[in-house]
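*Asks:* You'll find entry.cif just under this line, and it carries mmCIF, C-alpha atoms and all ligand atoms.
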data_model
#
loop_
_atom_site.label_atom_id
_atom_site.label_comp_id
_atom_site.auth_asym_id
_atom_site.auth_seq_id
_atom_site.Cartn_x
_atom_site.Cartn_y
_atom_site.Cartn_z
CA MET A 1 0.00 0.00 0.00
CA ARG A 2 1.25 3.49 -0.86
CA ALA A 3 1.09 6.33 1.66
CA LYS A 4 -1.59 8.94 0.90
CA PHE A 5 -1.30 12.36 2.51
CA GLY A 6 -4.56 14.11 1.56
CA ILE A 7 -5.28 17.68 0.51
CA ASP A 8 -4.72 20.64 2.83
CA ALA A 9 -7.69 22.94 3.53
CA PRO A 10 -10.04 20.76 1.43
CA GLY A 11 -13.02 23.06 2.04
CA VAL A 12 -11.15 26.05 0.59
CA VAL A 13 -10.01 24.02 -2.43
CA ARG A 14 -13.58 22.81 -3.05
CA THR A 15 -15.09 26.28 -2.69
CA LEU A 16 -12.58 27.84 -5.09
CA ALA A 17 -13.21 25.08 -7.64
CA LEU A 18 -17.01 25.26 -7.38
CA LEU A 19 -17.05 29.07 -7.64
CA GLY A 20 -14.65 28.90 -10.59
CA VAL A 21 -16.81 26.37 -12.45
CA ALA A 22 -20.02 28.29 -11.65
CA LEU A 23 -18.64 31.62 -12.91
CA GLY A 24 -17.11 29.93 -15.97
CA VAL A 25 -20.44 28.31 -16.85
CA LEU A 26 -22.26 31.64 -16.35
CA ALA A 27 -19.93 33.57 -18.65
CA TRP A 28 -21.57 32.38 -21.90
CA PRO A 29 -25.29 32.97 -21.02
CA VAL A 30 -24.35 36.34 -19.50
CA PHE A 31 -22.59 37.23 -22.74
CA ALA A 32 -25.65 36.24 -24.81
CA LEU A 33 -28.06 38.16 -22.55
CA LEU A 34 -25.96 41.31 -22.37
CA ARG A 35 -25.26 41.36 -26.10
CA ALA A 36 -29.01 41.47 -26.75
CA ALA A 37 -29.59 44.15 -24.07
CA TRP A 38 -26.49 46.38 -24.19
CA GLY A 39 -24.59 45.45 -27.33
CA GLY A 40 -21.36 43.56 -28.05
CA ALA A 41 -18.71 45.67 -26.26
CA ALA A 42 -20.43 45.66 -22.84
CA ALA A 43 -21.23 41.94 -23.18
CA VAL A 44 -17.61 41.10 -23.99
CA ALA A 45 -16.31 43.22 -21.07
CA VAL A 46 -18.60 41.65 -18.44
CA SER A 47 -18.34 38.05 -19.63
CA ALA A 48 -14.56 38.33 -20.08
CA GLY A 49 -14.38 39.59 -16.47
CA LEU A 50 -16.42 36.59 -15.34
CA ALA A 51 -14.30 34.16 -17.35
CA LEU A 52 -11.08 35.69 -15.99
CA THR A 53 -12.31 35.47 -12.40
CA ALA A 54 -13.35 31.85 -13.01
CA LEU A 55 -9.91 31.05 -14.39
CA THR A 56 -8.21 32.72 -11.41
CA LEU A 57 -10.29 30.73 -8.90
CA LEU A 58 -9.73 27.44 -10.73
CA THR A 59 -6.00 28.14 -10.99
CA GLN A 60 -5.81 28.75 -7.23
CA SER A 61 -7.71 25.55 -6.55
CA VAL A 62 -5.43 23.45 -8.80
CA TRP A 63 -2.35 25.20 -7.35
CA MET A 64 -3.44 24.29 -3.81
CA VAL A 65 -3.87 20.64 -4.83
CA TYR A 66 -0.41 20.73 -6.45
CA SER A 67 0.98 22.24 -3.22
CA SER A 68 -0.45 19.42 -1.12
CA LEU A 69 0.57 16.61 -3.45
CA VAL A 70 3.89 17.81 -4.88
CA ALA A 71 5.31 21.23 -3.91
CA LYS A 72 5.07 20.80 -0.14
CA HIS A 73 6.90 17.45 -0.27
CA ARG A 74 9.70 18.87 -2.43
CA LEU A 75 10.14 21.94 -0.26
CA TRP A 76 10.31 19.92 2.97
CA HIS A 77 12.72 17.46 1.35
CA ARG A 78 15.09 20.32 0.44
CA THR A 79 14.66 21.94 3.86
CA LEU A 80 15.35 18.77 5.84
CA ASP A 81 18.28 17.98 3.55
CA GLY A 82 19.71 21.42 4.31
CA LEU A 83 19.75 20.73 8.06
CA ALA A 84 22.57 18.19 7.64
CA LEU A 85 21.10 15.89 10.29
CA ARG A 86 23.17 13.13 11.88
CA GLY A 87 20.43 10.56 11.39
CA ASP A 88 19.67 9.59 14.99
CA GLU A 89 17.71 12.68 16.07
CA ARG A 90 14.50 12.81 18.06
CA VAL A 91 12.07 14.81 15.93
CA LEU A 92 8.76 16.38 16.97
CA GLU A 93 6.14 17.70 14.58
CA VAL A 94 3.14 19.63 15.86
CA GLY A 95 0.10 19.27 13.59
CA PRO A 96 1.48 16.42 11.44
CA GLY A 97 -1.93 15.49 10.00
CA ARG A 98 -1.48 12.41 7.80
CA GLY A 99 2.30 12.63 8.09
CA ALA A 100 3.60 14.23 4.88
CA VAL A 101 6.31 16.08 6.82
CA LEU A 102 6.86 13.73 9.76
CA LEU A 103 7.32 10.67 7.54
CA ARG A 104 9.57 12.60 5.19
CA ALA A 105 11.65 13.55 8.23
CA ALA A 106 11.82 9.82 9.06
CA ARG A 107 13.82 9.29 5.85
CA HIS A 108 16.30 11.94 6.95
CA VAL A 109 16.82 10.34 10.38
CA PRO A 110 17.04 6.60 9.61
CA ARG A 111 18.03 5.81 13.22
CA GLY A 112 15.88 8.53 14.76
CA HIS A 113 12.58 8.66 16.62
CA LEU A 114 9.60 10.70 15.44
CA VAL A 115 6.71 12.08 17.46
CA GLY A 116 3.57 13.81 16.15
CA VAL A 117 1.08 15.78 18.27
CA ASP A 118 -2.20 16.78 16.67
CA LEU A 119 -5.87 17.57 17.23
CA TRP A 120 -6.67 15.96 13.84
CA ARG A 121 -9.00 18.70 12.55
CA ALA A 122 -10.89 17.45 9.48
CA GLN A 123 -11.14 20.93 7.96
CA ASP A 124 -7.34 21.29 7.84
CA GLN A 125 -6.58 18.17 5.80
CA SER A 126 -8.75 15.64 3.97
CA GLY A 127 -8.96 12.27 5.73
CA ASN A 128 -7.06 13.67 8.72
CA GLY A 129 -6.60 11.35 11.69
CA ARG A 130 -4.07 9.47 13.79
CA ALA A 131 -5.11 6.19 12.08
CA ALA A 132 -4.29 7.71 8.68
CA LEU A 133 -0.84 8.81 9.90
CA LEU A 134 -0.12 5.41 11.42
CA ALA A 135 -1.26 3.62 8.22
CA ASN A 136 1.10 5.86 6.23
CA ALA A 137 3.92 5.13 8.70
CA ARG A 138 3.36 1.38 8.16
CA ALA A 139 3.29 1.90 4.37
CA ALA A 140 6.59 3.79 4.63
CA GLY A 141 8.09 1.02 6.80
CA VAL A 142 8.83 3.37 9.73
CA ALA A 143 5.94 2.60 12.10
CA ASP A 144 8.33 1.25 14.76
CA ARG A 145 9.98 4.69 14.96
CA VAL A 146 6.84 6.84 14.90
CA GLU A 147 4.79 7.83 17.93
CA VAL A 148 1.52 9.73 17.69
CA LEU A 149 -0.20 11.66 20.47
CA ASP A 150 -3.47 13.57 20.71
CA GLY A 151 -2.67 17.05 21.97
CA ASP A 152 -2.61 20.78 21.47
CA MET A 153 0.55 22.52 20.24
CA ARG A 154 0.01 25.28 22.81
CA ASP A 155 0.55 22.87 25.68
CA LEU A 156 2.91 20.08 24.69
CA PRO A 157 3.04 17.02 26.96
CA PHE A 158 6.85 16.84 27.10
CA PRO A 159 9.56 17.99 29.49
CA ALA A 160 11.99 20.67 28.32
CA ALA A 161 14.81 19.77 25.91
CA GLU A 162 13.23 16.47 24.85
CA PHE A 163 13.86 16.80 21.09
CA ASP A 164 16.69 17.62 18.70
CA LEU A 165 14.39 19.09 16.09
CA ALA A 166 10.86 20.54 16.22
CA LEU A 167 8.78 21.08 13.07
CA ALA A 168 5.48 22.81 12.29
CA GLY A 169 4.11 22.80 8.74
CA LEU A 170 0.99 24.80 7.82
CA ALA A 171 -0.19 24.28 11.39
CA ILE A 172 0.39 27.31 13.64
CA HIS A 173 -1.69 29.72 11.50
CA ASN A 174 -4.74 27.67 12.55
CA LEU A 175 -4.46 29.21 16.02
CA PRO A 176 -5.96 32.62 16.82
CA ALA A 177 -3.25 35.27 16.19
CA GLY A 178 -2.85 35.94 19.92
CA GLU A 179 -2.12 32.26 20.67
CA ARG A 180 0.58 31.61 18.08
CA ALA A 181 3.54 32.92 20.11
CA ARG A 182 2.62 30.45 22.84
CA ALA A 183 2.85 27.54 20.38
CA VAL A 184 6.22 28.82 19.10
CA GLY A 185 7.41 29.11 22.71
CA GLU A 186 6.42 25.49 23.29
CA LEU A 187 8.45 24.35 20.24
CA LEU A 188 11.47 26.17 21.62
CA ARG A 189 10.96 24.80 25.13
CA VAL A 190 10.94 21.15 24.07
CA VAL A 191 14.07 21.44 21.89
CA ARG A 192 17.46 20.82 23.50
CA PRO A 193 20.06 23.62 23.60
CA GLY A 194 21.53 23.85 20.10
CA GLY A 195 18.57 21.93 18.64
CA ARG A 196 16.59 23.34 15.71
CA VAL A 197 13.11 24.68 15.13
CA VAL A 198 11.67 24.81 11.59
CA ILE A 199 8.29 26.37 10.84
CA LEU A 200 6.65 26.57 7.41
CA ASP A 201 3.56 28.72 6.99
CA PHE A 202 1.81 31.16 4.67
CA GLU A 203 0.95 33.76 7.31
CA GLY A 204 2.14 34.83 10.74
CA THR A 205 5.80 34.09 10.03
CA ALA A 206 7.07 37.52 11.18
CA GLY A 207 5.35 36.88 14.52
CA TYR A 208 6.91 33.40 14.77
CA ALA A 209 10.37 34.88 14.20
CA ASP A 210 9.72 37.54 16.88
CA ALA A 211 8.54 34.87 19.34
CA LEU A 212 11.67 32.80 18.67
CA ARG A 213 13.94 35.82 19.25
CA GLN A 214 12.09 36.71 22.42
CA GLY A 215 12.53 33.11 23.58
CA GLY A 216 16.29 33.59 23.19
CA ALA A 217 16.72 31.55 19.99
CA ASP A 218 19.85 32.08 17.90
CA ALA A 219 20.21 32.31 14.13
CA VAL A 220 16.54 33.12 13.55
CA HIS A 221 16.02 33.28 9.79
CA THR A 222 12.93 33.88 7.68
CA SER A 223 13.13 32.79 4.04
CA ALA A 224 11.76 34.59 1.01
CA ARG A 225 8.34 33.41 -0.13
CA HIS A 226 8.25 30.06 -1.90
CA TRP A 227 5.85 30.51 -4.80
CA SER A 228 5.73 26.83 -5.70
CA MET A 229 3.01 26.57 -3.01
CA HIS A 230 -0.31 28.34 -2.81
CA PRO A 231 -0.74 30.36 -0.71
CA PRO A 232 3.02 31.06 -0.99
CA VAL A 233 4.90 30.11 2.18
CA ARG A 234 7.96 31.18 4.16
CA LEU A 235 10.24 29.02 6.29
CA VAL A 236 11.32 30.26 9.71
CA THR A 237 14.35 28.46 11.14
CA ALA A 238 16.09 28.94 14.47
CA THR A 239 18.51 27.31 16.90
CA ALA A 240 17.51 26.81 20.53
CA PRO A 241 19.68 28.81 22.94
CA ALA A 242 22.43 27.16 24.95
CA ALA A 243 21.21 28.93 28.09
CA ARG A 244 17.52 29.72 28.59
CA PRO A 245 16.70 33.41 29.22
C1 LIG B 301 -2.88 21.77 7.00
S1 LIG B 301 -2.59 20.49 8.14
C2 LIG B 301 -0.87 20.25 7.89
C3 LIG B 301 -0.44 18.85 8.21
C4 LIG B 301 1.05 18.59 7.99
N1 LIG B 301 1.87 19.43 8.82
C5 LIG B 301 1.43 18.78 6.54
O1 LIG B 301 2.10 19.79 6.19
O2 LIG B 301 1.04 17.93 5.74
C6 LIG B 301 -2.62 21.32 9.74
C7 LIG B 301 -2.62 20.37 10.92
O3 LIG B 301 -2.55 21.13 12.13
C8 LIG B 301 -3.39 20.49 13.08
N2 LIG B 301 -3.74 21.43 14.16
C9 LIG B 301 -4.53 22.52 14.08
N3 LIG B 301 -4.60 23.13 15.28
C10 LIG B 301 -3.83 22.41 16.13
C11 LIG B 301 -3.48 22.53 17.52
N4 LIG B 301 -3.94 23.56 18.26
N5 LIG B 301 -2.65 21.62 18.06
C12 LIG B 301 -2.16 20.59 17.32
N6 LIG B 301 -2.46 20.42 16.00
C13 LIG B 301 -3.28 21.32 15.41
C14 LIG B 301 -4.58 20.03 12.26
O4 LIG B 301 -5.35 19.05 12.90
C15 LIG B 301 -3.87 19.52 11.02
O5 LIG B 301 -3.52 18.16 11.15
#
How would this structure read if it were set down as structure tokens?
Ligand SMILES: C[S@@+](CC[C@H](N)C(=O)[O-])C[C@H]1O[C@@H](n2cnc3c(N)ncnc32)[C@H](O)[C@@H]1O
*Replies:*
Amino acid sequence: MRAKFGIDAPGVVRTLALLGVALGVLAWPVFALLRAAWGGAAAVAVSAGLALTALTLLTQSVWMVYSSLVAKHRLWHRTLDGLALRGDERVLEVGPGRGAVLLRAARHVPRGHLVGVDLWRAQDQSGNGRAALLANARAAGVADRVEVLDGDMRDLPFPAAEFDLALAGLAIHNLPAGERARAVGELLRVVRPGGRVVILDFEGTAGYADALRQGGADAVHTSARHWSMHPPVRLVTATAPAARP
């Protein structure tokens, strides 16, 4: 069986696609009606506007599916590769969903241990659930190294300095804006001194970087936008401080 990782924000993808199809289908009858009532130029202007909007919505929908199925995997592969991991790290991901990132990380730490903590919200990923992640872990042959817990990223059930690497992909933006710094603080707390934090998201990244600096993290870096994904994302990386402030 092959691992299947689902589509992120499936409701948004569906709404964009349905609106796009509806507007596209409307463009022709609107053109015919307006040509009879107002003449050719007005009919062309309005129906071309409708068709263009339809195309934009459909493009966004397809781009989001491409992000979930292809672009996200490639970007995380490059990012994890760039961390030059030893291979025996303990890795945490908050909000792993069906495991696209966590199980990719498993390939980068062949002797490592991986832990995912999630609330498994259906609206955030199609088919989301701990059973789906565990089935994917079995399909990838890493189930013996993967541990999955129900929990909230704002209150992680681990002592300090438990992990070498903490990841969050398209997860923290789901929190109310005022709660995000708390989740970032938790990532930093559970990473050992000198360990790494990597966050990928399409909004809130300036706030994540601020929260990491305020938590005393070193080498906080925010990438340029990656346009291969929609919405385009940034990566925020940081190193946990040797001494806690
Ligand atoms: C868009 S999915 C991303 C899944 C995975 N990181 C990936 O990139 O494929 C966001 C995930 O964050 C989880 N999530 C949302 N709020 C959470 C919270 N407060 N604590 C833990 N997980 C949360 C959702 O259940 C979902 O699995």
*Asks:* Residues around (10.1, 16.4, 31.1), cut-off 12 Å, counting all atoms listed in the file - what are they as a list of chain:residue names?
*Replies:*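 I get A:Leu156, A:Pro157, A:Phe158, A:Pro159, A:Ala160, A:Ala161, A:Glu162, A:Phe163, A:Arg189, A:Val190, A:Val191, A:Arg192 for the residues within 12 Å of that point.
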*Asks:* Got a sec: who's within 6 Å of Leu114 (chain A), counting only C-alpha atoms, leaving out chain neighbours fewer than 6 positions off, as a ChimeraX atom specification?
*Replies:* /A:90-92,146
*Asks:* Since we have the selection now, will you write its residues out, keeping C-alpha atoms, as a PDB file, in the frame of the given file?
*Replies:*
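This is the output file part-v5.pdb:
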ATOM      1  CA  ARG A  90      14.500  12.810  18.060  1.00  0.00           C
ATOM      2  CA  VAL A  91      12.070  14.810  15.930  1.00  0.00           C
ATOM      3  CA  LEU A  92       8.760  16.380  16.970  1.00  0.00           C
ATOM      4  CA  VAL A 146       6.840   6.840  14.900  1.00  0.00           C
TER       5      VAL A 146
END
*Asks:* Using CA of Val25 (chain A) and CA of Ser47 (chain A) as the two end points, give the distance in Å to one decimal.
*Replies:*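 Value for the CA of Val25 (chain A)-CA of Ser47 (chain A) distance: 10.3 Å.
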*Asks:* Neighbouring residues of Val62 (chain A) were defined as those with any atom within 8 Å, considering only C-alpha atoms; residues of the same chain fewer than 4 positions away were excluded. Please report them as a compact mmCIF listing (two decimals) with C-alpha atoms, in the coordinates of the input.
*Replies:*
# COMPACT_ATOMS: atom_id res chain seq x y z
CA VAL A 13 -10.01 24.02 -2.43
CA LEU A 58 -9.73 27.44 -10.73
CA TYR A 66 -0.41 20.73 -6.45
*Asks:* Which of these, A:Leu57, A:Gly169, A:Phe31, A:His230, has the shortest distance to Leu16 (chain A) once you count only C-alpha atoms?
*Replies:*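 Using only C-alpha atoms, the shortest distance to Leu16 (chain A) belongs to A:Leu57.
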*Asks:* Please give me, as number ranges by chain, the residues lying within 9 Å of ligand LIG 301 (chain B) when counting all atoms listed in the file.
*Replies:* A: 5-9, 68, 72-73, 76, 93-102, 116-126, 128-129, 150-156, 167-175, 183, 200
*Asks:* Only C-alpha atoms, please: the residues just picked out, written as a short mmCIF file (atom, residue, chain, number, x, y, z; two decimals), in the frame of the given file.
*Replies:*
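File produced: part.cif:
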data_model
loop_
_atom_site.label_atom_id
_atom_site.label_comp_id
_atom_site.auth_asym_id
_atom_site.auth_seq_id
_atom_site.Cartn_x
_atom_site.Cartn_y
_atom_site.Cartn_z
CA PHE A 5 -1.30 12.36 2.51
CA GLY A 6 -4.56 14.11 1.56
CA ILE A 7 -5.28 17.68 0.51
CA ASP A 8 -4.72 20.64 2.83
CA ALA A 9 -7.69 22.94 3.53
CA SER A 68 -0.45 19.42 -1.12
CA LYS A 72 5.07 20.80 -0.14
CA HIS A 73 6.90 17.45 -0.27
CA TRP A 76 10.31 19.92 2.97
CA GLU A 93 6.14 17.70 14.58
CA VAL A 94 3.14 19.63 15.86
CA GLY A 95 0.10 19.27 13.59
CA PRO A 96 1.48 16.42 11.44
CA GLY A 97 -1.93 15.49 10.00
CA ARG A 98 -1.48 12.41 7.80
CA GLY A 99 2.30 12.63 8.09
CA ALA A 100 3.60 14.23 4.88
CA VAL A 101 6.31 16.08 6.82
CA LEU A 102 6.86 13.73 9.76
CA GLY A 116 3.57 13.81 16.15
CA VAL A 117 1.08 15.78 18.27
CA ASP A 118 -2.20 16.78 16.67
CA LEU A 119 -5.87 17.57 17.23
CA TRP A 120 -6.67 15.96 13.84
CA ARG A 121 -9.00 18.70 12.55
CA ALA A 122 -10.89 17.45 9.48
CA GLN A 123 -11.14 20.93 7.96
CA ASP A 124 -7.34 21.29 7.84
CA GLN A 125 -6.58 18.17 5.80
CA SER A 126 -8.75 15.64 3.97
CA ASN A 128 -7.06 13.67 8.72
CA GLY A 129 -6.60 11.35 11.69
CA ASP A 150 -3.47 13.57 20.71
CA GLY A 151 -2.67 17.05 21.97
CA ASP A 152 -2.61 20.78 21.47
CA MET A 153 0.55 22.52 20.24
CA ARG A 154 0.01 25.28 22.81
CA ASP A 155 0.55 22.87 25.68
CA LEU A 156 2.91 20.08 24.69
CA LEU A 167 8.78 21.08 13.07
CA ALA A 168 5.48 22.81 12.29
CA GLY A 169 4.11 22.80 8.74
CA LEU A 170 0.99 24.80 7.82
CA ALA A 171 -0.19 24.28 11.39
CA ILE A 172 0.39 27.31 13.64
CA HIS A 173 -1.69 29.72 11.50
CA ASN A 174 -4.74 27.67 12.55
CA LEU A 175 -4.46 29.21 16.02
CA ALA A 183 2.85 27.54 20.38
CA LEU A 200 6.65 26.57 7.41
#
*Asks:* Distance cut-off 12 Å, centre (18.0, 16.1, 8.6) in file coordinates, counting all atoms listed in the file: which residues qualify? Return them as a PDB file with C-alpha atoms, in the frame of the given file.
*Replies:*
ATOM      1  CA  TRP A  76      10.310  19.920   2.970  1.00  0.00           C
ATOM      2  CA  HIS A  77      12.720  17.460   1.350  1.00  0.00           C
ATOM      3  CA  ARG A  78      15.090  20.320   0.440  1.00  0.00           C
ATOM      4  CA  THR A  79      14.660  21.940   3.860  1.00  0.00           C
ATOM      5  CA  LEU A  80      15.350  18.770   5.840  1.00  0.00           C
ATOM      6  CA  ASP A  81      18.280  17.980   3.550  1.00  0.00           C
ATOM      7  CA  GLY A  82      19.710  21.420   4.310  1.00  0.00           C
ATOM      8  CA  LEU A  83      19.750  20.730   8.060  1.00  0.00           C
ATOM      9  CA  ALA A  84      22.570  18.190   7.640  1.00  0.00           C
ATOM     10  CA  LEU A  85      21.100  15.890  10.290  1.00  0.00           C
ATOM     11  CA  ARG A  86      23.170  13.130  11.880  1.00  0.00           C
ATOM     12  CA  GLY A  87      20.430  10.560  11.390  1.00  0.00           C
ATOM     13  CA  ASP A  88      19.670   9.590  14.990  1.00  0.00           C
ATOM     14  CA  GLU A  89      17.710  12.680  16.070  1.00  0.00           C
ATOM     15  CA  ARG A  90      14.500  12.810  18.060  1.00  0.00           C
ATOM     16  CA  VAL A  91      12.070  14.810  15.930  1.00  0.00           C
ATOM     17  CA  VAL A 101       6.310  16.080   6.820  1.00  0.00           C
ATOM     18  CA  LEU A 102       6.860  13.730   9.760  1.00  0.00           C
ATOM     19  CA  ARG A 104       9.570  12.600   5.190  1.00  0.00           C
ATOM     20  CA  ALA A 105      11.650  13.550   8.230  1.00  0.00           C
ATOM     21  CA  ALA A 106      11.820   9.820   9.060  1.00  0.00           C
ATOM     22  CA  ARG A 107      13.820   9.290   5.850  1.00  0.00           C
ATOM     23  CA  HIS A 108      16.300  11.940   6.950  1.00  0.00           C
ATOM     24  CA  VAL A 109      16.820  10.340  10.380  1.00  0.00           C
ATOM     25  CA  PRO A 110      17.040   6.600   9.610  1.00  0.00           C
ATOM     26  CA  ARG A 111      18.030   5.810  13.220  1.00  0.00           C
ATOM     27  CA  GLY A 112      15.880   8.530  14.760  1.00  0.00           C
ATOM     28  CA  ASP A 164      16.690  17.620  18.700  1.00  0.00           C
ATOM     29  CA  LEU A 165      14.390  19.090  16.090  1.00  0.00           C
ATOM     30  CA  ALA A 166      10.860  20.540  16.220  1.00  0.00           C
ATOM     31  CA  LEU A 167       8.780  21.080  13.070  1.00  0.00           C
ATOM     32  CA  GLY A 195      18.570  21.930  18.640  1.00  0.00           C
ATOM     33  CA  ARG A 196      16.590  23.340  15.710  1.00  0.00           C
ATOM     34  CA  VAL A 197      13.110  24.680  15.130  1.00  0.00           C
ATOM     35  CA  VAL A 198      11.670  24.810  11.590  1.00  0.00           C
TER      36      VAL A 198
END
*Asks:* So how many Å separate CA of Val44 (chain A) and CA of Thr59 (chain A), to one decimal?
*Replies:*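 Between CA of Val44 (chain A) and CA of Thr59 (chain A) the gap works out to 21.7 Å.
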*Asks:* For CA of Gly194 (chain A) and CA of Ala242 (chain A), quote the distance in Å rounded to one decimal.
*Replies:* 5.9 Å
*Asks:* For Gly185 (chain A), list every protein, DNA or RNA residue within 8 Å, evaluated using all atoms listed in the file, and leave out those in the same chain fewer than 4 positions away; present the list as a ChimeraX atom specification.
*Replies:* /A:181,189,211-212,215
*Asks:* Could you add N, CA and C atoms to region 98-109 of chain A and give me the result as a tab-separated table (two decimals), keeping the file's coordinate frame?
*Replies:*
chain	number	residue	atom	x	y	z
A	98	ARG	N	-1.68	13.78	8.29
A	98	ARG	CA	-1.48	12.41	7.80
A	98	ARG	C	0.00	12.06	7.62
A	99	GLY	N	0.89	13.00	7.98
A	99	GLY	CA	2.30	12.63	8.09
A	99	GLY	C	3.20	13.00	6.93
A	100	ALA	N	2.75	13.88	6.03
A	100	ALA	CA	3.60	14.23	4.88
A	100	ALA	C	4.98	14.70	5.32
A	101	VAL	N	5.03	15.51	6.38
A	101	VAL	CA	6.31	16.08	6.82
A	101	VAL	C	7.02	15.12	7.78
A	102	LEU	N	6.26	14.59	8.73
A	102	LEU	CA	6.86	13.73	9.76
A	102	LEU	C	7.51	12.48	9.13
A	103	LEU	N	6.79	11.90	8.15
A	103	LEU	CA	7.32	10.67	7.54
A	103	LEU	C	8.44	10.98	6.56
A	104	ARG	N	8.43	12.18	6.00
A	104	ARG	CA	9.57	12.60	5.19
A	104	ARG	C	10.79	12.78	6.10
A	105	ALA	N	10.54	13.37	7.27
A	105	ALA	CA	11.65	13.55	8.23
A	105	ALA	C	12.22	12.18	8.62
A	106	ALA	N	11.35	11.16	8.68
A	106	ALA	CA	11.82	9.82	9.06
A	106	ALA	C	12.90	9.32	8.10
A	107	ARG	N	12.79	9.71	6.83
A	107	ARG	CA	13.82	9.29	5.85
A	107	ARG	C	15.14	9.98	6.12
A	108	HIS	N	15.08	11.17	6.70
A	108	HIS	CA	16.30	11.94	6.95
A	108	HIS	C	16.97	11.53	8.26
A	109	VAL	N	16.22	10.82	9.11
A	109	VAL	CA	16.82	10.34	10.38
A	109	VAL	C	16.57	8.83	10.48
